[in-house]
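Okay, final.cif now, which holds mmCIF, C-alpha atoms:
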```cif
data_coords
loop_
_atom_site.label_atom_id
_atom_site.label_comp_id
_atom_site.auth_asym_id
_atom_site.auth_seq_id
_atom_site.Cartn_x
_atom_site.Cartn_y
_atom_site.Cartn_z
CA MET M 103 -6.95 0.13 -4.03
CA THR M 104 -4.07 -0.32 -1.62
CA VAL M 105 -0.89 -1.87 -2.88
CA PHE M 106 -0.81 -4.72 -0.36
CA ASN M 107 -3.81 -6.91 0.29
CA ARG M 108 -2.36 -9.88 2.15
CA PHE M 109 -0.95 -9.07 5.56
CA VAL M 110 0.87 -11.12 8.11
CA GLU M 111 -1.58 -10.85 11.01
CA ILE M 112 -3.25 -12.97 13.64
CA GLY M 113 -5.81 -15.16 11.96
CA ARG M 114 -4.36 -14.97 8.45
CA VAL M 115 -4.55 -18.31 6.70
CA VAL M 116 -1.31 -19.54 5.29
CA LEU M 117 -0.48 -22.31 2.82
CA VAL M 118 2.64 -24.23 3.78
CA THR M 119 4.74 -24.72 0.64
CA TYR M 120 7.93 -26.41 1.82
CA GLY M 121 8.81 -29.09 4.29
CA PRO M 122 6.94 -32.10 5.65
CA ASP M 123 3.63 -30.20 5.86
CA ALA M 124 3.76 -28.87 2.31
CA GLY M 125 0.37 -28.29 0.75
CA LYS M 126 -1.50 -27.86 4.03
CA LEU M 127 -3.35 -24.85 5.38
CA ALA M 128 -2.59 -23.29 8.74
CA VAL M 129 -3.63 -20.22 10.70
CA ILE M 130 -1.25 -17.60 12.06
CA VAL M 131 -1.64 -17.72 15.82
CA ASP M 132 1.19 -15.39 16.84
CA ILE M 133 4.02 -13.47 15.22
CA VAL M 134 7.53 -14.32 16.41
CA ASP M 135 9.56 -11.76 14.49
CA HIS M 136 10.11 -10.36 11.01
CA SER M 137 10.79 -13.73 9.49
CA ARG M 138 8.79 -16.26 11.53
CA VAL M 139 5.23 -16.87 12.66
CA LEU M 140 3.66 -19.31 15.06
CA VAL M 141 1.25 -21.31 12.99
CA HIS M 142 -1.35 -23.99 13.78
CA GLY M 143 -3.71 -26.09 11.67
CA PRO M 144 -5.68 -28.37 13.97
CA THR M 145 -8.08 -29.60 11.28
CA THR M 146 -5.44 -29.84 8.56
CA ASP M 147 -2.87 -31.78 10.57
CA VAL M 148 -0.32 -29.00 11.04
CA LYS M 149 1.18 -29.12 14.51
CA ARG M 150 1.62 -25.83 16.33
CA GLN M 151 5.06 -24.66 15.31
CA SER M 152 7.08 -21.66 14.29
CA ILE M 153 7.49 -21.47 10.54
CA SER M 154 9.54 -19.14 8.41
CA PHE M 155 7.85 -16.95 5.79
CA LYS M 156 10.12 -18.59 3.26
CA ARG M 157 8.25 -21.84 3.79
CA CYS M 158 4.71 -20.58 3.37
CA THR M 159 2.50 -18.29 1.31
CA LEU M 160 -0.17 -15.96 2.59
CA THR M 161 -3.67 -16.54 1.27
CA ASP M 162 -6.57 -14.12 0.94
CA LEU M 163 -8.48 -15.84 3.74
CA LYS M 164 -8.50 -14.56 7.29
CA LEU M 165 -10.13 -15.94 10.40
CA ASP M 166 -11.31 -13.82 13.27
CA VAL M 167 -9.33 -15.26 16.17
CA PRO M 168 -7.52 -13.67 19.10
CA ARG M 169 -3.78 -13.91 19.60
CA THR M 170 -2.34 -17.21 20.94
CA ILE M 171 -5.71 -18.93 20.70
CA GLY M 172 -5.72 -22.49 22.06
CA THR M 173 -6.17 -25.65 20.02
CA VAL M 174 -9.76 -26.41 21.03
CA ALA M 175 -10.97 -22.85 20.43
CA LEU M 176 -9.09 -22.70 17.15
CA THR M 177 -10.71 -25.92 15.94
CA LYS M 178 -14.11 -24.48 16.77
CA ALA M 179 -13.29 -21.21 15.00
CA VAL M 180 -12.05 -23.02 11.91
CA GLU M 181 -15.26 -25.04 11.75
CA LYS M 182 -17.54 -22.13 12.52
CA GLN M 183 -15.91 -19.80 10.00
CA GLU M 184 -15.88 -22.63 7.43
CA LEU M 185 -12.24 -22.29 6.48
CA VAL M 186 -12.02 -25.46 4.42
CA ALA M 187 -15.19 -24.65 2.45
CA ARG M 188 -14.04 -21.09 1.73
CA TRP M 189 -10.64 -22.35 0.65
CA SER M 190 -11.94 -25.02 -1.70
CA LYS M 191 -14.10 -22.40 -3.44
CA THR M 192 -11.10 -20.26 -4.34
CA ALA M 193 -9.60 -20.51 -7.81
CA TRP M 194 -6.23 -21.21 -6.22
CA ALA M 195 -7.48 -24.33 -4.42
CA GLN M 196 -9.28 -25.51 -7.53
CA LYS M 197 -6.11 -25.16 -9.57
CA ILE M 198 -4.23 -27.23 -7.03
CA ALA M 199 -7.00 -29.86 -7.03
CA ARG M 200 -6.98 -30.04 -10.81
CA ARG M 201 -3.21 -30.37 -10.89
CA ASP M 202 -3.25 -33.14 -8.30
CA ALA M 203 -6.10 -34.95 -10.08
CA ARG M 204 -4.14 -34.87 -13.34
CA ALA M 205 -1.00 -36.14 -11.62
CA ALA M 206 -2.94 -39.04 -10.12
CA THR M 207 -4.36 -40.36 -13.41
CA SER M 208 -3.49 -43.88 -14.48
CA ASP M 209 -2.75 -44.88 -18.05
CA PHE M 210 -6.27 -46.26 -18.39
CA ASP M 211 -7.69 -42.93 -17.23
CA ARG M 212 -5.61 -41.16 -19.85
CA PHE M 213 -6.90 -43.60 -22.47
CA LYS M 214 -10.48 -42.93 -21.46
CA LEU M 215 -9.74 -39.20 -21.61
CA MET M 216 -8.34 -39.54 -25.12
CA VAL M 217 -11.43 -41.45 -26.29
CA ALA M 218 -13.71 -38.85 -24.73
CA ARG M 219 -11.82 -35.99 -26.37
CA LYS M 220 -12.02 -37.78 -29.76
CA GLN M 221 -15.77 -38.21 -29.38
CA ARG M 222 -16.16 -34.55 -28.49
CA ARG M 223 -14.00 -33.59 -31.44
CA THR M 224 -16.13 -35.59 -33.92
CA THR M 225 -19.49 -34.29 -32.67
CA VAL M 226 -18.25 -30.68 -32.57
CA GLY M 227 -16.58 -31.08 -35.96
CA LYS M 228 -19.71 -32.48 -37.57
CA ALA M 229 -21.85 -29.67 -36.18
CA ALA M 230 -19.30 -27.05 -37.28
CA ALA M 231 -19.11 -28.53 -40.78
CA LYS M 232 -22.90 -28.42 -41.07
CA LEU M 233 -22.96 -24.75 -40.02
CA ARG M 234 -20.14 -23.95 -42.47
CA LYS M 235 -22.06 -25.58 -45.33
CA ALA M 236 -25.20 -23.66 -44.37
CA ALA M 237 -23.23 -20.37 -44.25
CA ALA M 238 -21.53 -21.06 -47.57
CA LYS M 239 -24.88 -21.43 -49.36
CA MET Z 125 15.20 -27.48 16.95
CA SER Z 126 18.27 -25.67 18.15
CA ARG Z 127 21.67 -27.20 18.28
CA LEU Z 128 22.14 -26.25 21.93
CA ASN Z 129 20.54 -27.80 25.00
CA GLU Z 130 20.24 -26.48 28.50
CA TYR Z 131 21.80 -28.60 31.22
CA GLN Z 132 21.90 -28.46 34.97
CA VAL Z 133 25.32 -29.61 36.13
CA VAL Z 134 26.02 -30.25 39.79
CA GLY Z 135 29.53 -30.90 40.96
CA ARG Z 136 31.78 -30.72 43.98
CA ARG Z 137 35.36 -31.16 45.14
CA SER Z 138 36.33 -34.77 45.70
CA PRO Z 139 35.81 -35.66 49.36
CA THR Z 140 38.99 -35.70 51.52
CA GLU Z 141 39.74 -36.45 55.16
CA LYS Z 142 39.74 -32.72 55.92
CA GLU Z 143 36.48 -32.18 54.07
CA PRO Z 144 34.42 -35.37 53.99
CA VAL Z 145 31.26 -33.72 52.59
CA PRO Z 146 32.24 -30.89 50.22
CA LYS Z 147 29.80 -28.18 49.16
CA LEU Z 148 27.77 -28.81 46.04
CA PHE Z 149 27.84 -26.32 43.19
CA ARG Z 150 25.13 -26.13 40.59
CA MET Z 151 25.18 -24.44 37.22
CA ARG Z 152 22.71 -24.03 34.40
CA LEU Z 153 24.55 -24.02 31.12
CA PHE Z 154 23.91 -24.13 27.41
CA ALA Z 155 25.90 -26.69 25.47
CA PRO Z 156 25.41 -28.96 22.46
CA ASN Z 157 25.75 -32.13 24.53
CA GLU Z 158 26.51 -33.42 28.02
CA VAL Z 159 30.22 -33.75 27.39
CA VAL Z 160 30.59 -30.09 26.53
CA ALA Z 161 28.28 -29.20 29.40
CA LYS Z 162 30.55 -30.90 31.91
CA SER Z 163 33.59 -29.30 30.37
CA ARG Z 164 32.08 -25.82 30.57
CA PHE Z 165 31.06 -26.52 34.14
CA TRP Z 166 34.67 -27.02 35.13
CA TYR Z 167 35.72 -24.00 33.09
CA PHE Z 168 33.35 -21.75 35.00
CA LEU Z 169 33.87 -23.34 38.37
CA LYS Z 170 37.65 -22.95 38.14
CA GLN Z 171 37.15 -19.22 37.72
CA VAL Z 172 35.55 -18.87 41.14
CA ASN Z 173 36.76 -21.84 43.15
CA LYS Z 174 39.99 -23.67 43.59
CA VAL Z 175 38.80 -26.90 42.01
CA LYS Z 176 39.51 -28.57 38.73
CA LYS Z 177 38.26 -31.67 36.95
CA ALA Z 178 41.04 -33.79 38.38
CA SER Z 179 40.27 -32.77 41.96
CA GLY Z 180 36.50 -32.77 41.71
CA GLU Z 181 33.59 -34.87 40.60
CA ILE Z 182 30.38 -34.24 38.70
CA VAL Z 183 27.42 -35.33 40.78
CA SER Z 184 24.71 -35.03 38.16
CA VAL Z 185 23.96 -33.71 34.69
CA ASN Z 186 20.31 -33.22 33.77
CA GLN Z 187 18.80 -31.71 30.67
CA ILE Z 188 16.40 -28.85 31.31
CA PHE Z 189 13.49 -28.58 28.90
CA GLU Z 190 11.51 -25.49 28.03
CA LYS Z 191 8.32 -25.20 30.03
CA LYS Z 192 6.22 -23.67 27.23
CA PRO Z 193 7.97 -24.32 23.92
CA LEU Z 194 4.98 -23.10 21.88
CA ALA Z 195 4.62 -19.66 23.44
CA VAL Z 196 6.52 -16.73 21.97
CA LYS Z 197 8.59 -14.96 24.61
CA ASN Z 198 10.97 -12.04 24.84
CA PHE Z 199 14.35 -13.04 26.23
CA GLY Z 200 16.98 -10.72 27.62
CA ILE Z 201 20.48 -12.18 27.57
CA TRP Z 202 23.35 -10.74 29.58
CA ILE Z 203 26.71 -11.62 28.05
CA ARG Z 204 30.36 -11.11 28.78
CA TYR Z 205 32.57 -11.57 25.73
CA ASN Z 206 36.15 -11.12 24.59
CA SER Z 207 36.67 -8.87 21.62
CA ARG Z 208 40.01 -8.51 19.90
CA SER Z 209 41.01 -5.65 22.18
CA GLY Z 210 39.25 -6.20 25.49
CA THR Z 211 36.38 -7.85 27.30
CA HIS Z 212 32.94 -6.29 27.42
CA ASN Z 213 29.50 -6.77 28.91
CA MET Z 214 26.44 -6.73 26.73
CA TYR Z 215 22.72 -6.99 27.04
CA LYS Z 216 20.80 -8.31 24.04
CA GLU Z 217 17.16 -9.12 23.50
CA TYR Z 218 15.61 -11.84 21.37
CA ARG Z 219 12.09 -12.89 20.60
CA GLU Z 220 11.99 -16.67 20.57
CA LEU Z 221 10.04 -19.72 21.64
CA SER Z 222 12.57 -21.14 24.10
CA ARG Z 223 15.61 -20.19 26.19
CA VAL Z 224 17.69 -22.55 24.13
CA GLY Z 225 16.49 -20.93 20.88
CA ALA Z 226 17.31 -17.49 22.22
CA VAL Z 227 20.83 -18.50 23.27
CA ASP Z 228 21.44 -20.20 19.95
CA THR Z 229 20.38 -17.05 18.09
CA CYS Z 230 22.54 -15.03 20.45
CA TYR Z 231 25.67 -17.02 19.61
CA GLN Z 232 24.94 -16.69 15.91
CA ASP Z 233 24.26 -12.99 16.34
CA MET Z 234 27.50 -12.40 18.27
CA ALA Z 235 29.44 -14.28 15.64
CA ALA Z 236 27.88 -12.22 12.87
CA ARG Z 237 28.03 -8.79 14.46
CA HIS Z 238 31.18 -9.02 16.56
CA ARG Z 239 33.05 -12.03 15.17
CA ALA Z 240 32.92 -13.54 18.67
CA ARG Z 241 33.18 -17.32 18.81
CA PHE Z 242 31.60 -19.74 21.27
CA THR Z 243 34.65 -19.90 23.53
CA SER Z 244 34.93 -16.13 23.85
CA ILE Z 245 31.35 -15.69 25.05
CA GLN Z 246 30.08 -16.25 28.57
CA ILE Z 247 26.33 -16.25 29.06
CA ILE Z 248 25.75 -14.60 32.40
CA LYS Z 249 22.00 -14.67 32.53
CA VAL Z 250 19.05 -15.54 30.33
CA ALA Z 251 15.72 -14.25 31.54
CA GLU Z 252 12.28 -13.85 30.09
CA VAL Z 253 11.44 -10.17 29.89
CA LYS Z 254 7.91 -8.86 30.17
CA ALA Z 255 6.70 -6.75 27.26
CA ALA Z 256 6.71 -3.59 29.37
CA ASP Z 257 10.37 -4.05 30.31
CA VAL Z 258 11.75 -4.60 26.83
CA ARG Z 259 14.56 -2.15 26.15
CA ARG Z 260 15.45 -2.64 22.50
CA PRO Z 261 13.45 -0.92 19.74
CA TYR Z 262 13.84 -3.84 17.34
CA ILE Z 263 11.88 -6.03 19.76
CA LYS Z 264 9.50 -3.30 20.90
CA GLN Z 265 8.22 -2.92 17.35
CA LEU Z 266 7.03 -6.53 17.41
CA LEU Z 267 5.10 -6.20 20.65
CA ASP Z 268 2.12 -4.37 19.19
CA PRO Z 269 -0.90 -6.61 19.87
CA LYS Z 270 -2.47 -5.58 16.56
CA LEU Z 271 0.74 -6.04 14.63
CA ARG Z 272 0.32 -6.64 10.94
CA PHE Z 273 2.61 -6.13 7.98
CA PRO Z 274 2.68 -7.19 4.35
CA LEU Z 275 5.40 -9.23 2.71
CA PRO Z 276 6.41 -6.88 -0.09
CA HIS Z 277 9.04 -9.04 -1.77
CA ARG Z 278 8.06 -12.68 -2.18
CA LEU Z 279 10.49 -15.24 -3.52
CA SER Z 280 8.62 -18.44 -4.17
CA ARG Z 281 10.46 -21.60 -3.24
CA PRO Z 282 9.69 -24.91 -4.96
CA ALA Z 283 8.63 -27.71 -2.66
CA SER Z 284 11.79 -29.61 -3.42
CA LYS Z 285 15.01 -29.03 -5.31
CA ARG Z 286 13.71 -31.42 -7.93
CA PHE Z 287 11.06 -28.89 -9.01
CA ARG Z 288 13.51 -26.06 -9.54
CA PRO Z 289 13.27 -25.02 -13.20
CA VAL Z 290 16.56 -24.69 -15.07
CA PHE Z 291 15.03 -22.25 -17.55
CA SER Z 292 11.87 -20.20 -17.29
CA GLY Z 293 9.70 -18.70 -19.97
CA VAL Z 294 8.50 -15.87 -17.78
CA ARG Z 295 10.14 -13.37 -15.47
CA PRO Z 296 9.32 -14.12 -11.85
CA SER Z 297 6.75 -12.10 -10.00
CA THR Z 298 7.62 -11.06 -6.47
CA PHE Z 299 4.06 -10.15 -5.60
#
```
Please render this file's structure as structure tokens.
Amino acid sequence: MTVFNRFVEIGRVVLVTYGPDAGKLAVIVDIVDHSRVLVHGPTTDVKRQSISFKRCTLTDLKLDVPRTIGTVALTKAVEKQELVARWSKTAWAQKIARRDARAATSDFDRFKLMVARKQRRTTVGKAAAKLRKAAAK
Amino acid sequence: MSRLNEYQVVGRRSPTEKEPVPKLFRMRLFAPNEVVAKSRFWYFLKQVNKVKKASGEIVSVNQIFEKKPLAVKNFGIWIRYNSRSGTHNMYKEYRELSRVGAVDTCYQDMAARHRARFTSIQIIKVAEVKAADVRRPYIKQLLDPKLRFPLPHRLSRPASKRFRPVFSGVRPSTF
């Protein structure tokens, strides 16, 4: 196992973590220098721009695209290589989705959640008590 | 998003009876705004011609925009600058998206490495350099078409200052 698994390279998918495009995915289209990359996310609404490594995180996903690929070809590649589907399957994306879903709950949703958890608690508790009694005999 | 813009400034001596249609002089300069652009125009023109702002007129000032602002290019910049003990020529290379970005980085670089301020630096020429003609090793190492490198030390930055934790229960991971 090599020490480093995520490389800055053409086609690497990057999650923007800071700035107006925070939370969006983009693809590395060209490398500017040791601290910046030219990044583009045509399907995720990230304009082609140079972004510092400080403002993004590398993901495990990589697309097979040539250097300085154009917008149209990049859109096709993103769709063909199913970037969004692959991303949403990752644990990372699911964690983000869960966090955002929790943050978007209303008070009524939290009430419904509490009721549901109480119901689960009673049914599980009853079944556990029955098993305990059976084991104690 | 650099703080400098490129301007084309055209100026000439004020017309007189002896010279009713004076020669036009054109310069491409880098300045933060048009006012500074015009001022630098006179500064440079005075060095080669016998004309000053009072005896001349600016014919036009136009901003020049980068032709391909989304393509990464290698720029070579020829500079003449005043150090504390003399004046020197320099050639520096930068990898940037625009001429204006390269010149901005150059000024910052000169300030950092040589303590040279804006007024002590004269940009002689800014030219895009083809990959084969790049002279500096720190740019050459970025020209590999199959370039790839890891980011060995990652400092994660919260999306806004509001999310910065004051205390943390765990030591950060730089992986």
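Considering all atoms listed in the file, the residue among M:Val139, M:Leu165, M:Leu117, M:Ala231 positioned nearest to M:Glu181 is M:Leu165.
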Since I can't run it myself right now, could you work out what the PyMOL selection byres ((chain M) within 6 of (chain Z)) selects here and report it as a count of residues only? 5
Chain and number of each residue from the PyMOL selection byres ((chain Z and resi 242-249) around 6), as number ranges by chain: Z: 201-206, 241, 250
What is the atom CA of Z:Gly210-atom CA of Z:Val160 distance in Å, reported with one decimal? 25.4 Å
When you count all atoms listed in the file, which of these residues is closest to M:Lys182: M:Val105, M:Val116, M:Val167, M:Ala128?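 Looking only at the distances to M:Lys182, the closest residue turns out to be M:Val167.
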Could you list, as a list in words, every residue within 12 Å of Z:Lys176, counting only C-alpha atoms and ignoring same-chain residues fewer than 2 positions away?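 Here the answer would be Gly135, Arg136, Arg137, Ser138, Lys162, Ser163, Arg164, Phe165, Trp166, Tyr167, Phe168, Leu169, Lys170, Gln171, Val172, Asn173, Lys174, Ala178, Ser179, Gly180, Glu181 and Ile182 of chain Z.
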For Z:Arg152, please output as a PyMOL selection string all residues within 10 Å (counting only C-alpha atoms; exclusion window: fewer than 2 positions along the same chain). chain Z and resi 130-134+150+154-155+161+165+185-188+249
Now that the selection is made, can you save its residues with C-alpha atoms as a compact mmCIF listing (two decimals), in the coordinates of the input?
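The resulting file, result14.txt, is reproduced below:
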```txt
# COMPACT_ATOMS: atom_id res chain seq x y z
CA GLU Z 130 20.24 -26.48 28.50
CA TYR Z 131 21.80 -28.60 31.22
CA GLN Z 132 21.90 -28.46 34.97
CA VAL Z 133 25.32 -29.61 36.13
CA VAL Z 134 26.02 -30.25 39.79
CA ARG Z 150 25.13 -26.13 40.59
CA PHE Z 154 23.91 -24.13 27.41
CA ALA Z 155 25.90 -26.69 25.47
CA ALA Z 161 28.28 -29.20 29.40
CA PHE Z 165 31.06 -26.52 34.14
CA VAL Z 185 23.96 -33.71 34.69
CA ASN Z 186 20.31 -33.22 33.77
CA GLN Z 187 18.80 -31.71 30.67
CA ILE Z 188 16.40 -28.85 31.31
CA LYS Z 249 22.00 -14.67 32.53
```
Exercise: M:Thr146 partners within 9 Å, only C-alpha atoms, chain neighbours under 5 positions left out, as a JSON list (two decimals) with C-alpha atoms, keeping the file's coordinate frame:
```json
[["chain", "number", "residue", "atom", "x", "y", "z"],
["M", 126, "LYS", "CA", -1.50, -27.86, 4.03],
["M", 127, "LEU", "CA", -3.35, -24.85, 5.38],
["M", 128, "ALA", "CA", -2.59, -23.29, 8.74],
["M", 186, "VAL", "CA", -12.02, -25.46, 4.42]]
```
